[in-house]
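Chemist: Pasting a structure here, questions to come.
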Amino acid sequence: MTLAKLVVKNITRRRGRFVFTLLGITIGIASFVTFLAMGGSLKSEIYRETAALGANLVVIPKGSCGYEQLSILTGDQMPTNISAEEIASIRAIRGLTVVPFLAQQTAINNRPVTVSGIEPAATLAFKRWQVARGAYFARDDENGVVLGAGAARQFELQPDATVTIRGEKLPVLGILAETGGRDDATLFLSLPLAQRLFKSADNVSYAAIRVDNLALTEGYIEQIRVATGLGVVSDKQMLKSVLGIVGTVNITLQLIAAVAVLAAAFGIINTMVAATYERKREIGILQALGARRRTIFTLFMLEAGFYGVIGGVTGVIGGLATAVIATPYISQNAFTTLVKGSGNGTLVDAKVIAGSILFSAIVAVVAGIYPAWRAARLTPVEAISYE
């Protein structure tokens, strides 16, 4: 009998123990892969949303933390603390194109949706949108809604339909072409209408700024701070801050999953140690037939590795399946909005899948070292005489 056949026979000898040990490593790796799948594409999603914002600088309320900067990218609701006078002061600085936004949330048919109050003409030029159906705002104070392509599909709305926002029925003016960003899932109102519906007076949430001369960016930041006292971050600073937040969350989730993998490793150790005691006579017979200690050690290590590889494969499949099922049901917040925005939540490349299986195999092999060492240390007389 070859070594490979002997490994398979020994592992499947006690099928109940085999199944439960395999389930342990499968659940651990599945947890690990689920968190990777749901968070693995966040970095590229953040880069995409930062680029879609189209701003070199972002003006935010003074004292705002990284969470508010993340909310800008996700379209999450934000405080409205920036006044019209402060926006005017920024616009008085030459060399800047300033576009204010009012970021709010509402619900249509009990489903949450992002609402953005905009200056229609200025935002159209800034974002370079295209209108796919219907029309755009004819005036900067027009009462109506322009929908992102995704929002139009989600709520099954067409131009000339009506939608109720904050108790007021508004006509759907048009639908924007796909942008590939969060704008696709947003409802756009003229700024005066949004300020009235959400009772924000003349205030806005933040302002996106494009500078004429990038070499003068630091100087512009200082001028804005002096003129308004507001917080100002560059696109690079915001990107670094948001990536730091998401990176911390990802690491925390992966550490939680690592605990499950560690528990599975102890399950493998327990199974292999039990097998060592149960198979003492078999080990003695193998030694009597000429098997060296190295062969016995290799046999037990291959058994542990088998658990790791099979558990890794089933864990990857289970983890990806869990991510697909769970993503549509996770609650809406600044972090999970990006998870939802990153497709189906399972954008894990082949390297991550292969790495997860390799990680599972390594954990299992490490867990099998002690049982394999114990088995190899048995003398032929001790092993054969075991009852």
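As shown in the structure tokens, the chain order sets the letters A, B, ...; within each chain, residues go from 1, and ligands are also counted from 1 in the order they appear.
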Show me, as a PDB file with N, CA and C atoms, in the first residue's frame, the residues that have an atom within 7 Å of Gly267 of chain A when counting only C-alpha atoms, minus same-chain residues fewer than 3 positions from it.

Modeler:
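Here's the written file result-v3.pdb:
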```
ATOM      1  N   THR A  21     -13.515  17.203  12.616  1.00  0.00           N
ATOM      2  CA  THR A  21     -12.220  17.894  12.540  1.00  0.00           C
ATOM      3  C   THR A  21     -12.155  18.752  11.285  1.00  0.00           C
ATOM      4  N   GLY A  24     -14.130  21.896  11.665  1.00  0.00           N
ATOM      5  CA  GLY A  24     -13.447  22.921  12.449  1.00  0.00           C
ATOM      6  C   GLY A  24     -12.571  23.808  11.586  1.00  0.00           C
ATOM      7  N   ALA A 263      -8.533  27.844  16.882  1.00  0.00           N
ATOM      8  CA  ALA A 263      -9.353  26.818  17.547  1.00  0.00           C
ATOM      9  C   ALA A 263      -9.387  25.547  16.706  1.00  0.00           C
ATOM     10  N   ALA A 264      -9.482  25.712  15.383  1.00  0.00           N
ATOM     11  CA  ALA A 264      -9.480  24.552  14.500  1.00  0.00           C
ATOM     12  C   ALA A 264      -8.148  23.816  14.570  1.00  0.00           C
ATOM     13  N   ASN A 270      -5.772  17.582  18.682  1.00  0.00           N
ATOM     14  CA  ASN A 270      -6.507  16.598  19.484  1.00  0.00           C
ATOM     15  C   ASN A 270      -6.771  15.328  18.679  1.00  0.00           C
ATOM     16  N   THR A 271      -7.204  15.491  17.429  1.00  0.00           N
ATOM     17  CA  THR A 271      -7.491  14.337  16.579  1.00  0.00           C
ATOM     18  C   THR A 271      -6.241  13.505  16.315  1.00  0.00           C
TER      19      THR A 271
END
```

Chemist: Give me the residues near Ile165 of chain A as an mmCIF file with N, CA and C atoms, in the first residue's frame, where near means some atom within 8 Å (using only C-alpha atoms) and where sequence neighbours in that chain fewer than 3 positions away do not count.

Modeler:
```
data_model
loop_
_atom_site.group_PDB
_atom_site.id
_atom_site.type_symbol
_atom_site.label_atom_id
_atom_site.label_comp_id
_atom_site.auth_asym_id
_atom_site.auth_seq_id
_atom_site.Cartn_x
_atom_site.Cartn_y
_atom_site.Cartn_z
ATOM 1 N N THR A 106 -32.562 59.625 3.083
ATOM 2 C CA THR A 106 -34.011 59.505 3.224
ATOM 3 C C THR A 106 -34.379 58.064 2.900
ATOM 4 N N ALA A 107 -35.667 57.787 2.774
ATOM 5 C CA ALA A 107 -36.115 56.427 2.454
ATOM 6 C C ALA A 107 -37.240 56.495 1.438
ATOM 7 N N ILE A 108 -37.210 55.550 0.504
ATOM 8 C CA ILE A 108 -38.284 55.390 -0.470
ATOM 9 C C ILE A 108 -38.773 53.950 -0.351
ATOM 10 N N GLU A 168 -42.969 65.394 0.484
ATOM 11 C CA GLU A 168 -43.280 66.238 -0.666
ATOM 12 C C GLU A 168 -43.090 65.452 -1.957
ATOM 13 N N LYS A 169 -44.122 65.462 -2.807
ATOM 14 C CA LYS A 169 -44.051 64.771 -4.087
ATOM 15 C C LYS A 169 -43.283 65.612 -5.099
ATOM 16 N N LEU A 170 -42.292 64.976 -5.728
ATOM 17 C CA LEU A 170 -41.440 65.691 -6.675
ATOM 18 C C LEU A 170 -41.368 64.924 -7.986
ATOM 19 N N LEU A 197 -36.188 71.080 2.426
ATOM 20 C CA LEU A 197 -36.762 69.802 2.850
ATOM 21 C C LEU A 197 -36.076 69.248 4.095
#
```

Chemist: Excluding segment 50-56 of chain A and residues on its chain fewer than 4 positions from it, collect all residues at most 6 Å away from it, counting only C-alpha atoms, and give them as a PyMOL selection string.

Modeler: chain A and resi 208-210+234-235

Chemist: Need the shell around Thr162 of chain A: protein/DNA/RNA residues with any atom at most 9 Å away, counting only C-alpha atoms. Skip same-chain ones fewer than 2 positions apart. Format as a PDB file with N, CA and C atoms, in the first residue's frame?

Modeler:
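result_6.pdb, freshly written:
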```
ATOM      1  N   GLY A 144     -37.492  69.346  -8.402  1.00  0.00           N
ATOM      2  CA  GLY A 144     -37.506  68.072  -9.117  1.00  0.00           C
ATOM      3  C   GLY A 144     -36.329  67.225  -8.672  1.00  0.00           C
ATOM      4  N   VAL A 145     -36.270  66.017  -9.208  1.00  0.00           N
ATOM      5  CA  VAL A 145     -35.229  65.067  -8.822  1.00  0.00           C
ATOM      6  C   VAL A 145     -34.549  64.540 -10.078  1.00  0.00           C
ATOM      7  N   LEU A 157     -37.933  53.775 -11.315  1.00  0.00           N
ATOM      8  CA  LEU A 157     -38.434  55.107 -11.636  1.00  0.00           C
ATOM      9  C   LEU A 157     -37.984  55.524 -13.035  1.00  0.00           C
ATOM     10  N   GLN A 158     -38.861  56.244 -13.702  1.00  0.00           N
ATOM     11  CA  GLN A 158     -38.588  56.760 -15.044  1.00  0.00           C
ATOM     12  C   GLN A 158     -38.833  58.266 -15.054  1.00  0.00           C
ATOM     13  N   PRO A 159     -38.280  58.989 -16.039  1.00  0.00           N
ATOM     14  CA  PRO A 159     -38.608  60.413 -16.163  1.00  0.00           C
ATOM     15  C   PRO A 159     -40.116  60.622 -16.232  1.00  0.00           C
ATOM     16  N   ASP A 160     -40.579  61.706 -15.603  1.00  0.00           N
ATOM     17  CA  ASP A 160     -41.999  62.074 -15.510  1.00  0.00           C
ATOM     18  C   ASP A 160     -42.740  61.304 -14.428  1.00  0.00           C
ATOM     19  N   THR A 164     -41.699  60.687  -3.566  1.00  0.00           N
ATOM     20  CA  THR A 164     -41.987  61.448  -2.352  1.00  0.00           C
ATOM     21  C   THR A 164     -40.748  61.499  -1.473  1.00  0.00           C
ATOM     22  N   LYS A 169     -44.122  65.462  -2.807  1.00  0.00           N
ATOM     23  CA  LYS A 169     -44.051  64.771  -4.087  1.00  0.00           C
ATOM     24  C   LYS A 169     -43.283  65.612  -5.099  1.00  0.00           C
ATOM     25  N   LEU A 170     -42.292  64.976  -5.728  1.00  0.00           N
ATOM     26  CA  LEU A 170     -41.440  65.691  -6.675  1.00  0.00           C
ATOM     27  C   LEU A 170     -41.368  64.924  -7.986  1.00  0.00           C
ATOM     28  N   PRO A 171     -41.349  65.625  -9.112  1.00  0.00           N
ATOM     29  CA  PRO A 171     -41.238  64.944 -10.401  1.00  0.00           C
ATOM     30  C   PRO A 171     -39.808  64.469 -10.660  1.00  0.00           C
ATOM     31  N   VAL A 172     -39.701  63.332 -11.320  1.00  0.00           N
ATOM     32  CA  VAL A 172     -38.388  62.851 -11.757  1.00  0.00           C
ATOM     33  C   VAL A 172     -38.064  63.519 -13.085  1.00  0.00           C
TER      34      VAL A 172
END
```

Chemist: Run DSSP on the backbone and grab whatever in segment 130-378 of chain A lands in alpha helix (DSSP H); send it over as a PyMOL selection string.

Modeler: chain A and resi 149-154+191-197+217-228+235-278+280-288+293-326+334-341+350-377

Chemist: Would you mind telling me which residue in A:Leu286, A:Ala149, A:Ile362, A:Met272 lies nearest to Gly311 of chain A when using only C-alpha atoms?

Modeler: A:Ile362

Chemist: If you run DSSP on this backbone, which residues of segment 163-312 of chain A come out as strand (DSSP E or B), and could you give them as a ChimeraX atom specification?

Modeler: /A:163-165,168-176,186-190,204,206-211,231-234

Chemist: Contacts of segment 314-320 of chain A at 6 Å or less, counting only C-alpha atoms, minus same-chain residues fewer than 4 places along, as a PyMOL selection string?

Modeler: chain A and resi 26+29-30+33-34

Chemist: Need the shell around Ala201 of chain A: protein/DNA/RNA residues with any atom at most 10 Å away, counting only C-alpha atoms. Skip same-chain ones fewer than 5 positions apart. Format as a PDB file with C-alpha atoms, in the first residue's frame?

Modeler:
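Final output, result05.pdb:
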```pdb
ATOM      1  CA  THR A  80     -24.596  70.663   7.821  1.00  0.00           C
ATOM      2  CA  SER A  83     -22.657  78.374   5.979  1.00  0.00           C
ATOM      3  CA  ALA A  84     -23.325  80.165   2.702  1.00  0.00           C
ATOM      4  CA  PRO A 192     -32.379  75.364  -2.226  1.00  0.00           C
ATOM      5  CA  ALA A 194     -32.731  70.154  -0.361  1.00  0.00           C
ATOM      6  CA  GLN A 195     -32.036  72.830   2.270  1.00  0.00           C
ATOM      7  CA  ARG A 196     -35.755  73.474   2.645  1.00  0.00           C
TER       8      ARG A 196
END
```
